[in-house]
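As stored in my_file.txt (compact mmCIF, C-alpha atoms):
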```txt
# COMPACT_ATOMS: atom_id res chain seq x y z
CA MET A 12 64.42 1.71 -2.79
CA SER A 13 63.18 1.58 -6.38
CA LYS A 14 59.69 3.03 -6.63
CA PRO A 15 57.10 1.26 -8.82
CA VAL A 16 57.02 2.84 -12.29
CA GLU A 17 53.76 4.04 -13.88
CA VAL A 18 52.90 2.18 -17.08
CA ASN A 19 50.11 2.99 -19.57
CA ASP A 20 48.12 1.62 -22.49
CA SER A 21 50.82 2.60 -24.98
CA ASN A 22 53.91 1.20 -23.24
CA PHE A 23 52.30 -1.82 -21.55
CA ASP A 24 53.50 -4.17 -24.28
CA GLN A 25 57.09 -3.01 -24.04
CA MET A 26 57.27 -2.59 -20.24
CA VAL A 27 55.29 -5.67 -19.19
CA LEU A 28 54.70 -8.16 -21.99
CA GLN A 29 58.19 -7.94 -23.52
CA SER A 30 59.97 -7.91 -20.18
CA LYS A 31 62.53 -10.66 -19.58
CA THR A 32 62.03 -10.19 -15.84
CA PRO A 33 58.67 -11.09 -14.24
CA VAL A 34 56.49 -8.01 -13.71
CA LEU A 35 53.93 -7.31 -11.01
CA VAL A 36 51.27 -4.85 -12.24
CA ASP A 37 49.29 -2.96 -9.61
CA PHE A 38 45.93 -1.89 -11.13
CA TRP A 39 44.69 1.13 -9.18
CA ALA A 40 42.75 4.40 -9.28
CA ALA A 41 42.82 7.64 -7.32
CA TRP A 42 39.36 7.15 -5.78
CA CYS A 43 40.15 3.73 -4.33
CA GLY A 44 41.21 3.77 -0.68
CA PRO A 45 42.32 0.14 -0.41
CA CYS A 46 44.56 0.76 -3.44
CA ARG A 47 46.63 3.02 -1.19
CA MET A 48 47.13 0.15 1.22
CA VAL A 49 48.29 -2.13 -1.56
CA ALA A 50 50.52 0.58 -3.05
CA LEU A 51 52.43 0.90 0.23
CA VAL A 52 53.12 -2.83 0.35
CA VAL A 53 54.09 -2.96 -3.33
CA GLU A 54 56.49 -0.09 -2.76
CA GLU A 55 58.21 -2.04 0.02
CA LEU A 56 58.32 -5.19 -2.10
CA ALA A 57 59.86 -3.23 -5.00
CA GLY A 58 63.00 -2.77 -2.92
CA GLU A 59 63.11 -6.34 -1.66
CA TYR A 60 62.61 -7.90 -5.12
CA GLN A 61 64.82 -5.49 -7.06
CA GLY A 62 66.31 -7.29 -10.07
CA LYS A 63 64.01 -10.28 -9.57
CA VAL A 64 60.54 -8.81 -10.19
CA ASN A 65 59.74 -5.41 -11.74
CA MET A 66 56.94 -3.62 -9.89
CA VAL A 67 54.78 -1.28 -11.99
CA LYS A 68 51.40 0.39 -11.56
CA LEU A 69 48.64 1.08 -14.03
CA ASN A 70 45.92 3.67 -13.46
CA VAL A 71 42.70 1.99 -14.70
CA ASP A 72 40.91 5.32 -15.11
CA GLU A 73 43.54 6.67 -17.52
CA ASN A 74 44.23 3.33 -19.20
CA PRO A 75 40.89 1.58 -19.69
CA LYS A 76 42.14 -0.47 -22.66
CA THR A 77 44.65 -2.53 -20.72
CA ALA A 78 42.36 -2.81 -17.69
CA SER A 79 39.49 -4.22 -19.75
CA GLN A 80 41.80 -6.45 -21.78
CA TYR A 81 42.73 -8.25 -18.58
CA GLY A 82 39.16 -8.23 -17.28
CA ILE A 83 39.87 -5.99 -14.31
CA MET A 84 36.54 -5.47 -12.49
CA SER A 85 37.81 -4.81 -9.01
CA ILE A 86 40.68 -2.74 -7.68
CA PRO A 87 43.18 -3.09 -6.21
CA THR A 88 44.13 -6.07 -8.40
CA LEU A 89 47.69 -7.31 -8.76
CA LEU A 90 48.63 -9.37 -11.81
CA ILE A 91 52.01 -11.05 -12.05
CA PHE A 92 53.26 -11.45 -15.64
CA LYS A 93 55.89 -13.90 -16.74
CA ASN A 94 57.00 -14.19 -20.37
CA GLY A 95 54.15 -11.96 -21.53
CA ALA A 96 51.29 -13.77 -19.81
CA PRO A 97 49.57 -13.32 -16.46
CA VAL A 98 50.45 -16.20 -14.11
CA SER A 99 48.96 -14.93 -10.85
CA ASN A 100 45.91 -12.80 -10.02
CA ILE A 101 45.46 -11.23 -6.59
CA VAL A 102 42.26 -9.26 -5.92
CA GLY A 103 41.97 -6.91 -2.93
CA PHE A 104 44.34 -6.10 -0.10
CA ARG A 105 46.60 -8.91 1.15
CA PRO A 106 49.26 -8.73 3.85
CA LYS A 107 52.86 -8.46 2.72
CA ALA A 108 53.77 -12.01 3.76
CA GLU A 109 51.04 -13.41 1.52
CA LEU A 110 52.13 -11.32 -1.46
CA LYS A 111 55.70 -12.53 -0.96
CA ARG A 112 54.45 -16.12 -1.12
CA SER A 113 52.64 -15.34 -4.40
CA LEU A 114 55.79 -13.74 -5.83
CA ASP A 115 58.09 -16.53 -4.67
CA ALA A 116 55.74 -19.10 -6.19
CA VAL A 117 56.24 -17.69 -9.71
CA LEU A 118 59.99 -17.03 -9.46
CA MET B 2 63.69 -11.04 15.53
CA ALA B 3 64.39 -9.06 18.66
CA THR B 4 61.56 -7.71 20.77
CA LYS B 5 61.09 -3.95 20.52
CA GLN B 6 61.25 -2.71 24.11
CA GLY B 7 60.44 0.40 26.06
CA TYR B 8 56.99 1.35 24.80
CA ASP B 9 54.39 2.69 27.16
CA VAL B 10 51.50 1.94 24.85
CA VAL B 11 51.05 -0.02 21.66
CA ILE B 12 47.95 0.77 19.60
CA ILE B 13 46.78 -1.85 17.15
CA GLY B 14 44.83 -0.49 14.20
CA GLY B 15 45.18 2.78 12.32
CA GLY B 16 41.57 3.82 11.84
CA PRO B 17 39.90 6.76 13.58
CA ALA B 18 39.89 5.01 16.99
CA GLY B 19 43.57 4.07 16.87
CA LEU B 20 44.73 7.41 15.48
CA THR B 21 42.77 9.35 18.10
CA ALA B 22 44.23 7.14 20.84
CA GLY B 23 47.61 7.92 19.28
CA ILE B 24 47.03 11.67 19.40
CA TYR B 25 46.07 11.52 23.09
CA ALA B 26 48.84 9.09 24.07
CA ALA B 27 51.54 11.05 22.27
CA ARG B 28 50.37 14.33 23.81
CA SER B 29 50.55 12.65 27.22
CA ARG B 30 54.22 12.06 26.39
CA LEU B 31 53.74 8.32 26.44
CA LYS B 32 56.17 6.47 24.19
CA SER B 33 53.58 5.21 21.72
CA LEU B 34 53.62 2.95 18.71
CA LEU B 35 50.73 2.35 16.30
CA VAL B 36 50.75 -0.92 14.36
CA GLU B 37 48.69 -1.12 11.17
CA LYS B 38 48.84 -3.85 8.54
CA GLY B 39 48.00 -1.62 5.58
CA ALA B 40 47.51 2.09 5.11
CA THR B 41 46.04 4.12 7.94
CA GLY B 42 42.46 5.25 7.83
CA GLY B 43 40.61 2.04 8.51
CA TRP B 44 37.17 1.49 7.11
CA ILE B 45 36.59 5.17 6.16
CA ILE B 46 39.04 4.88 3.27
CA ASN B 47 36.37 2.71 1.62
CA ALA B 48 33.79 5.43 2.12
CA GLY B 49 33.37 8.16 -0.43
CA VAL B 50 32.16 11.08 1.61
CA VAL B 51 31.76 11.03 5.40
CA GLU B 52 28.72 13.23 6.08
CA ASN B 53 28.10 12.75 9.77
CA TYR B 54 31.44 13.64 11.33
CA PRO B 55 31.05 17.00 13.07
CA GLY B 56 33.01 19.96 11.78
CA PHE B 57 32.56 19.25 8.07
CA PRO B 58 29.15 20.62 7.01
CA GLU B 59 29.81 19.75 3.35
CA GLY B 60 31.07 16.28 4.29
CA ILE B 61 34.66 15.16 3.95
CA ASN B 62 36.28 12.53 1.77
CA GLY B 63 37.18 9.44 3.86
CA LEU B 64 40.73 9.32 2.52
CA GLU B 65 41.31 13.01 3.30
CA LEU B 66 39.95 12.65 6.81
CA ALA B 67 42.20 9.64 7.44
CA ASN B 68 45.26 11.49 6.14
CA ALA B 69 44.55 14.49 8.33
CA MET B 70 44.14 12.32 11.44
CA GLN B 71 47.41 10.56 10.74
CA GLN B 72 49.30 13.83 10.25
CA GLN B 73 47.90 15.10 13.51
CA ALA B 74 48.96 11.95 15.39
CA THR B 75 52.50 11.77 14.03
CA LYS B 76 52.97 15.52 14.59
CA PHE B 77 52.74 14.83 18.33
CA GLY B 78 55.25 11.99 18.18
CA LEU B 79 53.23 8.84 17.54
CA GLU B 80 55.46 6.19 15.92
CA MET B 81 54.01 4.02 13.15
CA LEU B 82 54.82 0.44 12.17
CA THR B 83 53.44 -1.48 9.19
CA ALA B 84 52.93 -5.04 10.39
CA GLU B 85 50.20 -7.58 10.93
CA VAL B 86 49.53 -8.49 14.56
CA THR B 87 49.39 -12.23 15.16
CA GLY B 88 49.24 -12.65 18.93
CA LEU B 89 49.30 -11.25 22.46
CA GLU B 90 51.06 -12.67 25.52
CA LEU B 91 51.19 -11.47 29.09
CA LYS B 92 54.49 -11.50 30.99
CA GLY B 93 53.66 -10.14 34.40
CA GLU B 94 52.70 -6.50 33.86
CA GLN B 95 54.30 -6.53 30.40
CA LYS B 96 52.23 -7.12 27.30
CA ILE B 97 54.01 -8.73 24.38
CA VAL B 98 52.40 -8.10 20.99
CA THR B 99 53.65 -10.45 18.30
CA THR B 100 53.60 -9.38 14.64
CA ASP B 101 55.00 -10.59 11.33
CA GLU B 102 57.73 -7.96 11.82
CA GLY B 103 58.77 -9.09 15.31
CA SER B 104 57.48 -8.62 18.87
CA ILE B 105 56.80 -5.43 20.80
CA ALA B 106 56.74 -5.12 24.59
CA ALA B 107 54.59 -2.43 26.19
CA LYS B 108 52.98 -1.49 29.47
CA ALA B 109 49.54 -1.01 27.91
CA VAL B 110 47.86 -2.12 24.68
CA ILE B 111 44.87 -0.55 22.92
CA PHE B 112 43.10 -2.78 20.41
CA ALA B 113 41.49 -0.65 17.71
CA GLY B 114 41.69 -3.00 14.74
CA GLY B 115 38.10 -2.56 13.55
CA SER B 116 36.39 -5.33 11.66
CA ASP B 117 36.25 -6.97 8.27
CA ARG B 118 33.33 -7.47 5.95
CA VAL B 119 31.40 -10.67 6.35
CA LYS B 120 31.07 -12.73 3.20
CA LEU B 121 27.76 -14.17 2.06
CA GLY B 122 29.08 -17.71 2.07
CA VAL B 123 27.11 -18.88 -0.96
CA PRO B 124 28.27 -20.90 -3.98
CA GLY B 125 29.99 -18.71 -6.58
CA GLU B 126 31.09 -15.99 -4.18
CA GLU B 127 34.77 -17.01 -3.97
CA GLU B 128 34.91 -18.08 -7.59
CA PHE B 129 33.63 -14.74 -8.93
CA THR B 130 35.34 -12.37 -6.48
CA GLY B 131 36.86 -9.64 -8.66
CA ARG B 132 34.76 -10.82 -11.63
CA GLY B 133 31.37 -9.54 -10.58
CA VAL B 134 31.41 -10.10 -6.82
CA ALA B 135 32.62 -6.95 -5.07
CA TYR B 136 32.81 -5.45 -1.59
CA CYS B 137 33.60 -1.77 -2.21
CA ALA B 138 31.35 0.37 -4.42
CA VAL B 139 33.66 3.39 -4.22
CA CYS B 140 36.47 1.24 -5.60
CA ASP B 141 34.63 -0.87 -8.15
CA GLY B 142 31.44 1.03 -9.12
CA TYR B 143 33.38 2.44 -12.08
CA PHE B 144 33.56 -1.02 -13.68
CA TYR B 145 29.75 -1.38 -13.72
CA ARG B 146 28.69 1.49 -15.95
CA ASP B 147 25.25 1.10 -17.56
CA VAL B 148 24.73 -2.47 -16.37
CA PRO B 149 22.37 -3.79 -13.66
CA VAL B 150 23.87 -4.64 -10.28
CA ALA B 151 22.62 -5.93 -6.93
CA VAL B 152 23.50 -4.93 -3.38
CA VAL B 153 22.94 -7.41 -0.56
CA GLY B 154 22.16 -6.00 2.88
CA GLY B 155 19.94 -3.41 4.53
CA GLY B 156 22.21 -1.47 6.87
CA ASN B 157 24.14 1.77 6.47
CA ALA B 158 26.98 0.12 4.58
CA ALA B 159 24.56 -1.47 2.11
CA MET B 160 22.67 1.79 1.48
CA ASN B 161 25.90 3.73 1.02
CA GLU B 162 27.08 1.13 -1.46
CA ALA B 163 23.76 1.16 -3.32
CA LEU B 164 23.60 4.97 -3.52
CA GLU B 165 27.20 5.13 -4.75
CA LEU B 166 26.38 2.55 -7.43
CA THR B 167 23.46 4.59 -8.80
CA LYS B 168 26.13 6.96 -10.22
CA PHE B 169 27.27 4.19 -12.55
CA ALA B 170 24.88 1.27 -12.90
CA SER B 171 21.70 1.23 -15.01
CA LYS B 172 19.75 -0.26 -12.11
CA VAL B 173 20.55 -1.18 -8.51
CA THR B 174 18.51 -3.94 -6.87
CA VAL B 175 18.80 -4.13 -3.10
CA ILE B 176 18.30 -7.64 -1.75
CA HIS B 177 17.46 -7.72 1.92
CA ARG B 178 16.43 -10.65 4.11
CA ARG B 179 14.05 -8.53 6.22
CA ASP B 180 11.06 -6.43 5.21
CA GLU B 181 12.56 -3.12 6.33
CA LEU B 182 15.93 -1.39 6.27
CA ARG B 183 18.15 -1.01 9.33
CA ALA B 184 20.00 1.94 7.79
CA THR B 185 19.79 5.37 9.35
CA LYS B 186 16.62 7.29 8.32
CA ILE B 187 18.29 9.86 6.07
CA LEU B 188 19.93 7.07 4.04
CA GLN B 189 16.63 5.18 3.85
CA GLU B 190 14.85 8.31 2.56
CA ARG B 191 17.48 8.82 -0.12
CA ALA B 192 17.52 5.17 -1.13
CA LEU B 193 13.75 4.82 -1.31
CA ALA B 194 13.48 8.02 -3.38
CA GLU B 195 16.19 7.00 -5.84
CA SER B 196 14.54 6.05 -9.16
CA LYS B 197 17.36 3.68 -10.17
CA MET B 198 16.90 1.58 -7.04
CA GLU B 199 14.61 -1.37 -6.52
CA PHE B 200 14.08 -3.45 -3.41
CA LEU B 201 13.56 -7.17 -3.02
CA TRP B 202 12.36 -7.70 0.55
CA ASN B 203 12.49 -10.92 2.57
CA THR B 204 14.92 -12.27 0.02
CA VAL B 205 18.26 -14.05 0.29
CA VAL B 206 20.88 -14.99 -2.30
CA GLU B 207 21.32 -18.74 -2.61
CA ALA B 208 23.92 -18.84 -5.39
CA ILE B 209 25.92 -16.58 -7.69
CA GLU B 210 26.20 -17.87 -11.26
CA GLY B 211 27.95 -16.85 -14.45
CA GLU B 212 30.54 -17.82 -17.01
CA ASP B 213 33.68 -15.66 -17.14
CA THR B 214 31.91 -13.10 -15.00
CA VAL B 215 28.75 -12.98 -12.92
CA LYS B 216 25.51 -13.19 -14.92
CA ARG B 217 22.73 -13.99 -12.46
CA LEU B 218 21.69 -14.63 -8.89
CA LYS B 219 19.56 -17.45 -7.59
CA LEU B 220 17.22 -15.96 -4.99
CA LYS B 221 14.77 -17.25 -2.44
CA ASN B 222 11.97 -15.47 -0.65
CA VAL B 223 12.31 -16.43 3.02
CA LYS B 224 8.59 -15.85 3.73
CA SER B 225 6.99 -17.69 0.79
CA GLY B 226 9.86 -20.02 -0.06
CA GLU B 227 9.49 -18.97 -3.69
CA LYS B 228 12.66 -19.16 -5.78
CA SER B 229 13.63 -16.76 -8.56
CA THR B 230 16.50 -15.65 -10.78
CA LEU B 231 17.84 -12.12 -11.18
CA ASP B 232 20.04 -11.17 -14.14
CA ILE B 233 22.81 -8.78 -13.08
CA SER B 234 26.43 -8.05 -13.93
CA GLY B 235 27.66 -7.34 -10.44
CA ILE B 236 26.82 -8.10 -6.82
CA PHE B 237 28.06 -5.93 -3.96
CA VAL B 238 28.00 -7.65 -0.58
CA ALA B 239 27.35 -5.52 2.51
CA VAL B 240 25.78 -7.89 5.03
CA GLY B 241 27.80 -7.03 8.11
CA PHE B 242 31.14 -6.91 9.82
CA ARG B 243 33.16 -9.23 12.03
CA PRO B 244 36.24 -8.27 14.01
CA ASN B 245 39.47 -10.16 13.53
CA THR B 246 40.07 -11.18 17.15
CA GLY B 247 40.48 -14.96 17.03
CA TYR B 248 44.03 -14.72 18.35
CA LEU B 249 42.83 -12.87 21.47
CA LYS B 250 40.36 -15.52 22.62
CA LYS B 251 42.71 -17.08 25.15
CA VAL B 252 43.85 -13.77 26.64
CA ILE B 253 40.86 -11.45 26.95
CA ASN B 254 37.10 -11.79 27.19
CA LEU B 255 35.29 -11.65 23.88
CA ALA B 256 31.57 -11.57 23.15
CA GLY B 257 29.96 -14.32 21.08
CA ASP B 258 30.35 -12.27 17.88
CA GLY B 259 34.09 -11.90 18.46
CA THR B 260 33.97 -8.30 19.63
CA ILE B 261 35.99 -7.28 22.69
CA ILE B 262 34.04 -6.67 25.88
CA THR B 263 34.94 -3.39 27.65
CA ASN B 264 33.57 -1.19 30.40
CA GLU B 265 32.93 2.54 30.06
CA LYS B 266 36.66 3.22 30.48
CA MET B 267 37.38 1.00 27.45
CA GLU B 268 39.11 -1.45 29.81
CA THR B 269 38.99 -5.16 29.03
CA ASN B 270 39.08 -7.80 31.77
CA VAL B 271 42.90 -7.64 31.75
CA PRO B 272 44.40 -4.55 33.44
CA GLY B 273 46.33 -2.46 30.91
CA ILE B 274 44.52 -3.85 27.89
CA PHE B 275 41.96 -1.58 26.27
CA ALA B 276 39.76 -1.68 23.18
CA ALA B 277 38.28 1.14 21.09
CA GLY B 278 36.12 1.56 18.00
CA ASP B 279 34.40 -1.09 15.89
CA ILE B 280 36.36 -3.96 17.45
CA ARG B 281 34.54 -3.32 20.74
CA SER B 282 31.19 -4.79 21.79
CA ALA B 283 28.29 -2.36 21.38
CA SER B 284 30.25 -0.10 19.05
CA ILE B 285 27.98 2.24 17.12
CA ARG B 286 30.25 1.83 14.05
CA GLN B 287 30.58 5.57 13.48
CA VAL B 288 33.69 7.71 13.09
CA ALA B 289 32.45 9.98 15.87
CA GLY B 290 32.08 6.99 18.20
CA ALA B 291 35.48 5.56 17.31
CA VAL B 292 37.14 8.89 17.98
CA GLY B 293 35.46 9.10 21.39
CA ASP B 294 36.47 5.54 22.26
CA GLY B 295 40.06 6.22 21.23
CA ALA B 296 40.31 9.28 23.47
CA VAL B 297 38.81 7.44 26.45
CA ALA B 298 41.11 4.43 25.97
CA ALA B 299 44.26 6.55 25.73
CA ILE B 300 43.39 8.63 28.79
CA TYR B 301 42.71 5.55 30.94
CA ALA B 302 45.83 3.85 29.55
CA GLU B 303 47.85 6.85 30.71
CA ARG B 304 46.25 6.63 34.16
CA TYR B 305 46.95 2.90 34.30
CA ILE B 306 50.62 3.41 33.42
CA SER B 307 51.14 6.25 35.89
CA GLY B 308 49.34 4.25 38.62
CA LYS B 309 46.62 6.87 39.13
```
Would you mind giving the structure from this file in structure tokens?
Amino acid sequence: MSKPVEVNDSNFDQMVLQSKTPVLVDFWAAWCGPCRMVALVVEELAGEYQGKVNMVKLNVDENPKTASQYGIMSIPTLLIFKNGAPVSNIVGFRPKAELKRSLDAVL
Amino acid sequence: MATKQGYDVVIIGGGPAGLTAGIYAARSRLKSLLVEKGATGGWIINAGVVENYPGFPEGINGLELANAMQQQATKFGLEMLTAEVTGLELKGEQKIVTTDEGSIAAKAVIFAGGSDRVKLGVPGEEEFTGRGVAYCAVCDGYFYRDVPVAVVGGGNAAMNEALELTKFASKVTVIHRRDELRATKILQERALAESKMEFLWNTVVEAIEGEDTVKRLKLKNVKSGEKSTLDISGIFVAVGFRPNTGYLKKVINLAGDGTIITNEKMETNVPGIFAAGDIRSASIRQVAGAVGDGAVAAIYAERYISGK
């Protein structure tokens, strides 16, 4: 299974915005319990969507620039990027089946 | 998907009640499976520090406590499954639990799924969720540094949220529909002494307004009927909890608020089906209570299975 890669303020453009493949960004922080729940689901999805959607995570505490640029005010938040722009915004924990529907809708 | 067979007990929910039931069931050498839709830990992973669980005089971080309970349960052989439970059927003595990852057959089931936060149900709440409307101060307090915020509610959850927010926000206004707090006395004392906190009594939120993000609340005093506006950048909702038990209505007896009715053995009206923790009627909504419920449920489940 391919684990979600950590991205940061400096490589966000290259890893997410320039990506030819859609990218799901998991905005999280160490103090946030529900983020753990989401991280587990995203990890599972990373395997299932390998080659179709890249799964990455961004620590909002260490990368405030990107987090504020996309108006993140609640974590966990998942943003799905396609061709450099966010196309789907999922706030809070959602069951795996629902996340799959959100992913399939943008593919 | 095939039905998973051969389990003695299936535990639904991985919070303190479910994990404790798991520890007891596994140590009784019951073949036990715990089903949780997300990460284990339940509500306490939203809490910063748990101060009232015995054995930790300095308090313990909710996440750490949850991790330790899970390690303890799996050490004794509890199996874990990540899935969302969608239904329950009875086939003679067998209980069939349906999930989005297939069905599981077991001799006994312990429901320990806790409850979810109740929403306010006012205009603007859905629209601004994640853009000023929040439900977890430990998670989102960080995003409200040096700005005014409001907390709605007067119970323990609301006071914990409000006190957490005083670390970040410039001012925390507590909006409560009664004229006194329901929170435990020590939390009340702390909240009332906190200089950053203000209280609006007998007040309800009628609407949440803003542009890109939340800017203000429309309020109403329930005694005088007087309406007012409060400028804030964030609103944290902590008005109560409701268990997710709709799918059980046809199978076991529920109270009017959706909680599961049990006796002192944590038995429901159906033999072999138990409930523990916040999902149960008259739960005290405390980790210590959930842990006690979980132990009782697992011990009586073992007795049920062995026919004692």
Counting all atoms listed in the file, find the residues whose atoms lie at most 8 Å from (48.9, 0.5, -23.9) (file coordinates) and write them out as a ChimeraX atom specification. /A:19-24,74,76-77
Is there a way to get, as a list in words, all residues within 6 Å of the point (12.3, -13.3, -0.3) in file coordinates, counting all atoms listed in the file? Trp202, Asn203, Thr204, Lys221, Asn222 and Val223 of chain B
Hey, what's within 9 Å of Val102 (chain A) if we count all atoms listed in the file and toss same-chain stuff fewer than 2 positions away? As an MDAnalysis selection string, please? (chainID A and resid 85:90 100 104:105) or (chainID B and resid 130:131)
re CA of Glu165 (chain B) and CA of Gly125 (chain B): distance 24.1 Å
Non-local contacts of Ser30 (chain A) (12 Å; all atoms listed in the file; under 2 positions in same chain excluded) as a list in words: Asn22, Phe23, Asp24, Gln25, Met26, Val27, Leu28, Thr32, Pro33, Val34, Leu35, Gly62, Lys63, Val64, Asn65, Met66, Val67, Ile91, Phe92, Lys93, Asn94, Gly95 and Ala96 of chain A
Sort by chain and increasing residue number a table of all residues of chain B within 7 Å of chain A, each with its closest pair of atoms and their distance in Å to one decimal, counting all atoms listed in the file, and write it as a Markdown table.
```
| residue | atom | partner | partner_atom | distance |
| --- | --- | --- | --- | --- |
| B:Lys38 | CA | A:Pro106 | CA | 6.8 |
| B:Gly39 | CA | A:Met48 | CA | 4.8 |
| B:Ala40 | CA | A:Met48 | CA | 4.4 |
| B:Ile46 | CA | A:Gly44 | CA | 4.6 |
| B:Asn47 | CA | A:Gly44 | CA | 5.5 |
| B:Leu64 | CA | A:Gly44 | CA | 6.4 |
| B:Gly131 | CA | A:Ser85 | CA | 4.9 |
| B:Arg132 | CA | A:Met84 | CA | 5.7 |
| B:Gly133 | CA | A:Met84 | CA | 6.9 |
| B:Ala135 | CA | A:Ser85 | CA | 6.9 |
| B:Val139 | CA | A:Cys43 | CA | 6.5 |
| B:Cys140 | CA | A:Cys43 | CA | 4.6 |
| B:Asp141 | CA | A:Ser85 | CA | 5.1 |
| B:Phe144 | CA | A:Met84 | CA | 5.5 |
```
Separating CA of Thr174 (chain B) from CA of Asp117 (chain B), to the nearest tenth of an Å, is a gap of 23.5 Å
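Pairwise distance (CA of Phe38 (chain A), CA of Leu110 (chain A)) equals 14.9 Å.
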Spatial neighbours of Lys68 (chain A), max dist 8 Å, all atoms listed in the file, sep filter under 6 positions, as a PyMOL selection string: chain A and resi 15-18+36-39
